[in-house]
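Since the structure comes first, as structure tokens, the remarks are kept for the end.
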There are 2 protein chains.
Amino acid sequence: MSAPEVILINGRPMQGISPLDRGLHFGDGLFETIACRRGRPRFLALHLDRLMQGCERLRIAAGDVEAIRAQITGLAHRTDSAIVKLIVTRGDSLARGYAAAGSERATRIALRYPWPIEETGSWHAGVRAGVAAMRLGENAALAGLKHLNRLEQVLAQTERDARQVGELLLFSSAGRLVCGTMSNVFLIKDGTLHTPRLDLCGVAGVMRRVVMREARRAGIRTEERELAAADLEQAQEVFLTNARIGIWPVNVLETRELAVGPVTQLLQAAIQPMLEDPVDA
Amino acid sequence: MSAPEVILINGRPMQGISPLDRGLHFGDGLFETIACRRGRPRFLALHLDRLMQGCERLRIAAGDVEAIRAQITGLAHRTDSAIVKLIVTRGDSLARGYAAAGSERATRIALRYPWPIEETGSWHAGVRAGVAAMRLGENAALAGLKHLNRLEQVLAQTERDARQVGELLLFSSAGRLVCGTMSNVFLIKDGTLHTPRLDLCGVAGVMRRVVMREARRAGIRTEERELAAADLEQAQEVFLTNARIGIWPVNVLETRELAVGPVTQLLQAAIQPMLEDPVDA
């Protein structure tokens, strides 16, 4: 079991959140899941950047980013390995109904969880992946955000667990490849690294951003673009990313076996030091 | 202001909900908004029917429906006019991550709000409506459910308020007419009542169901089907429904003036007694 060891609500250890919170009523908020190693959060600047951009798009007044940074740094301090989850909601509904008044005060919930028991071997040997039957809705206004409307991911993980695979890849209602249930997806075709554009759907993962940066640094041609089922079928390498797992190669996609190829291995080698010994960048 | 007068969490007056609740983390739950008049909830059987069907689809163990019925009836008792909002979430996350363990215990939050200040005249004279720029995502697994993932509605109401109209009509990403920001939509074309199918998107409203039932009883030809922008343009009458407002005619759609026509008036006359003197059906 992995219940949180610490829970802070607006910076204080409290037992409950308001039953009027718009995070509860409407999923009106955002979150970050920050992996911490050796007492330090990984890629904290990137997490805070995404959070603040999300708050701006949803017009949520998140408050002082330095206070948030200090809180997360403090929660990571003196832990060996931990996961900090930060939820920022628009705050209490001042009236019934969907409309935001604009004068709400954000609620900030920080939870520190123990590092989960690892799927040992996934980093090197890879994981089996399938393609989900469920398709994701497309909405440009929400695309890219790590918002609190996550029922699609809940249902996708139910499907994944029923299928007994390590991850399921999801397409959108219009047939575009988007992501995994808890990960972003990359594929290598003819030496080029491809990852789906996230302008209509999906979460713009922090590890996705790191991997694209490192790929460009390594001189690998990298494209964010619209990808379809055919692109996946033609891929020589496929891998998954998120803040905790880093990079997981896909070794079987549905029934097709895939090698853990050279581009995947090169990118793993580039990011591994940053995962084990975090720097704030 | 319309803060709730009563808040019950799992049947008891409590100040806070658990910061581990999956309703907060993922919007993993459902809700009902039940209008009450003369001490009695309107269409309670239909609200409970939808709630239980939603719980079944999401595999949330809502608990005893008779206890829920008694609670809502009790909250309505001795009020003249009130709105009861019931939220049922999957309960606390037993571990971090999207996946549900299957053994969660649902959280039930009941809030009683004062009846809001009425938009007097909307029932008879109608409201101005526009068409939203934002489009709704399509996902068959969530379509019809009154679930807690409501960021699209929050953003749609921001757009509605900026446009200064009574309601905005929403199309899906694929161009299908779906609903209003807080209502279902009906249109009358050549004597036939049409309302969008909700198999890919939208909430299956209780008042929508009542209106379809009453239309069939009155011998009005009624069709649930896929509707596009052209259908809306060709409609002779357009009206909006929800549990609180009943039926609001649309008197201006974007720039086109619309009469409050005979079918709309007939249906208003049929449902008005049920709104003012609720019976449980």
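Naming scheme: A, B, ... for chains in displayed order of the structure tokens; residues 1 onward per chain; ligands 1 onward as shown.
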If we count only C-alpha atoms, what is near A:Ala82 at a cut-off of 10 Å, once residues fewer than 2 positions away on the same chain are taken out, given as a ChimeraX atom specification?
/A:4-5,34-41,75-80,84-85,112-116,244
Could you please write out, as a ChimeraX atom specification, every residue of stretch 20-112 of chain B that DSSP assigns to alpha helix (DSSP H)?
/B:22-26,44-58,65-76
Within 6 Å of chain A: each chain B residue with its shortest pair, only C-alpha atoms, as CSV:
residue,atom,partner,partner_atom,distance
B:Ser2,CA,A:Ala95,CA,5.2
B:Ala3,CA,A:Ala95,CA,5.8
B:Gly16,CA,A:Gly16,CA,4.1
B:Ile17,CA,A:Gly16,CA,4.8
B:Ser18,CA,A:Gly16,CA,5.0
B:Pro19,CA,A:Gly16,CA,5.9
B:Gly23,CA,A:Leu24,CA,5.3
B:Leu24,CA,A:Leu24,CA,4.2
B:Phe26,CA,A:Arg150,CA,4.6
B:Gly27,CA,A:Gly27,CA,5.1
B:Asp28,CA,A:Leu151,CA,5.8
B:Ala95,CA,A:Ser2,CA,5.2
B:Tyr98,CA,A:Val154,CA,4.9
B:Ala99,CA,A:Gln157,CA,5.4
B:Gly137,CA,A:Gly137,CA,4.0
B:Glu138,CA,A:Gly137,CA,4.5
B:Asn139,CA,A:Gly137,CA,5.2
B:Leu148,CA,A:Phe26,CA,5.2
B:Asn149,CA,A:Asn149,CA,4.6
B:Arg150,CA,A:Phe26,CA,4.6
B:Leu151,CA,A:Asp28,CA,5.8
B:Val154,CA,A:Tyr98,CA,4.9
B:Gln157,CA,A:Ala99,CA,5.4
Any idea what the distance is between atom CA of A:Ala132 and atom CA of A:Glu223?
23.8 Å
At a cut-off of 8 Å, using only C-alpha atoms, what residues contact stretch 210-214 of chain B? Leave out same-chain residues fewer than 4 positions from it and give the result as JSON, numbers by chain.
{"B": [206, 218, 222, 267, 270, 271]}
Put those residues in a file: N, CA, C and O atoms, as a PDB file, in the first residue's frame.
ATOM      1  N   VAL B 206     -32.434  14.936 -16.800  1.00  0.00           N
ATOM      2  CA  VAL B 206     -33.714  14.431 -16.299  1.00  0.00           C
ATOM      3  C   VAL B 206     -34.867  15.194 -16.961  1.00  0.00           C
ATOM      4  O   VAL B 206     -35.868  14.591 -17.367  1.00  0.00           O
ATOM      5  N   ALA B 218     -48.300  13.495 -25.713  1.00  0.00           N
ATOM      6  CA  ALA B 218     -49.133  14.484 -26.407  1.00  0.00           C
ATOM      7  C   ALA B 218     -49.238  14.189 -27.902  1.00  0.00           C
ATOM      8  O   ALA B 218     -49.838  14.962 -28.649  1.00  0.00           O
ATOM      9  N   THR B 222     -41.319  12.550 -32.003  1.00  0.00           N
ATOM     10  CA  THR B 222     -40.115  12.897 -31.260  1.00  0.00           C
ATOM     11  C   THR B 222     -38.952  12.040 -31.715  1.00  0.00           C
ATOM     12  O   THR B 222     -39.086  10.824 -31.795  1.00  0.00           O
ATOM     13  N   LEU B 267     -45.710  21.977 -24.586  1.00  0.00           N
ATOM     14  CA  LEU B 267     -44.886  21.197 -23.647  1.00  0.00           C
ATOM     15  C   LEU B 267     -44.716  21.935 -22.322  1.00  0.00           C
ATOM     16  O   LEU B 267     -44.709  21.318 -21.252  1.00  0.00           O
ATOM     17  N   ALA B 270     -47.709  21.285 -20.354  1.00  0.00           N
ATOM     18  CA  ALA B 270     -47.763  19.903 -19.853  1.00  0.00           C
ATOM     19  C   ALA B 270     -46.892  19.707 -18.618  1.00  0.00           C
ATOM     20  O   ALA B 270     -47.257  18.973 -17.692  1.00  0.00           O
ATOM     21  N   ILE B 271     -45.715  20.360 -18.584  1.00  0.00           N
ATOM     22  CA  ILE B 271     -44.808  20.081 -17.455  1.00  0.00           C
ATOM     23  C   ILE B 271     -44.979  21.060 -16.283  1.00  0.00           C
ATOM     24  O   ILE B 271     -44.588  20.740 -15.162  1.00  0.00           O
TER      25      ILE B 271
END
With DSSP run on the backbone, what are the strand (DSSP E or B) residues within stretch 99-270 of chain B? I'd like them as a PyMOL selection string.
chain B and resi 107-114+127-136+144+147+167-172+177-180+184-189+192-196+203+222-225+237-242+246-253+256-257
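Taking atom CA of B:Thr264 as the reference point, atom CA of B:Val250 is found at 9.9 Å.
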Would you kindly return, as a VMD selection string, each protein, DNA or RNA residue with an atom no farther than 7 Å from any atom of stretch 186-190 of chain B, considering only C-alpha atoms and excluding same-chain residues fewer than 2 positions away?
chain B and resid 184 192 to 195 234 to 240
Surrounding residues of A:Leu198 excluding itself and chain neighbours under 6 positions, 7 Å, only C-alpha atoms, as number ranges by chain
A: 143-144, 204
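Our summary of the geometry notes that atom CA of B:Arg217 is positioned 14.6 Å from atom CA of B:Met274.
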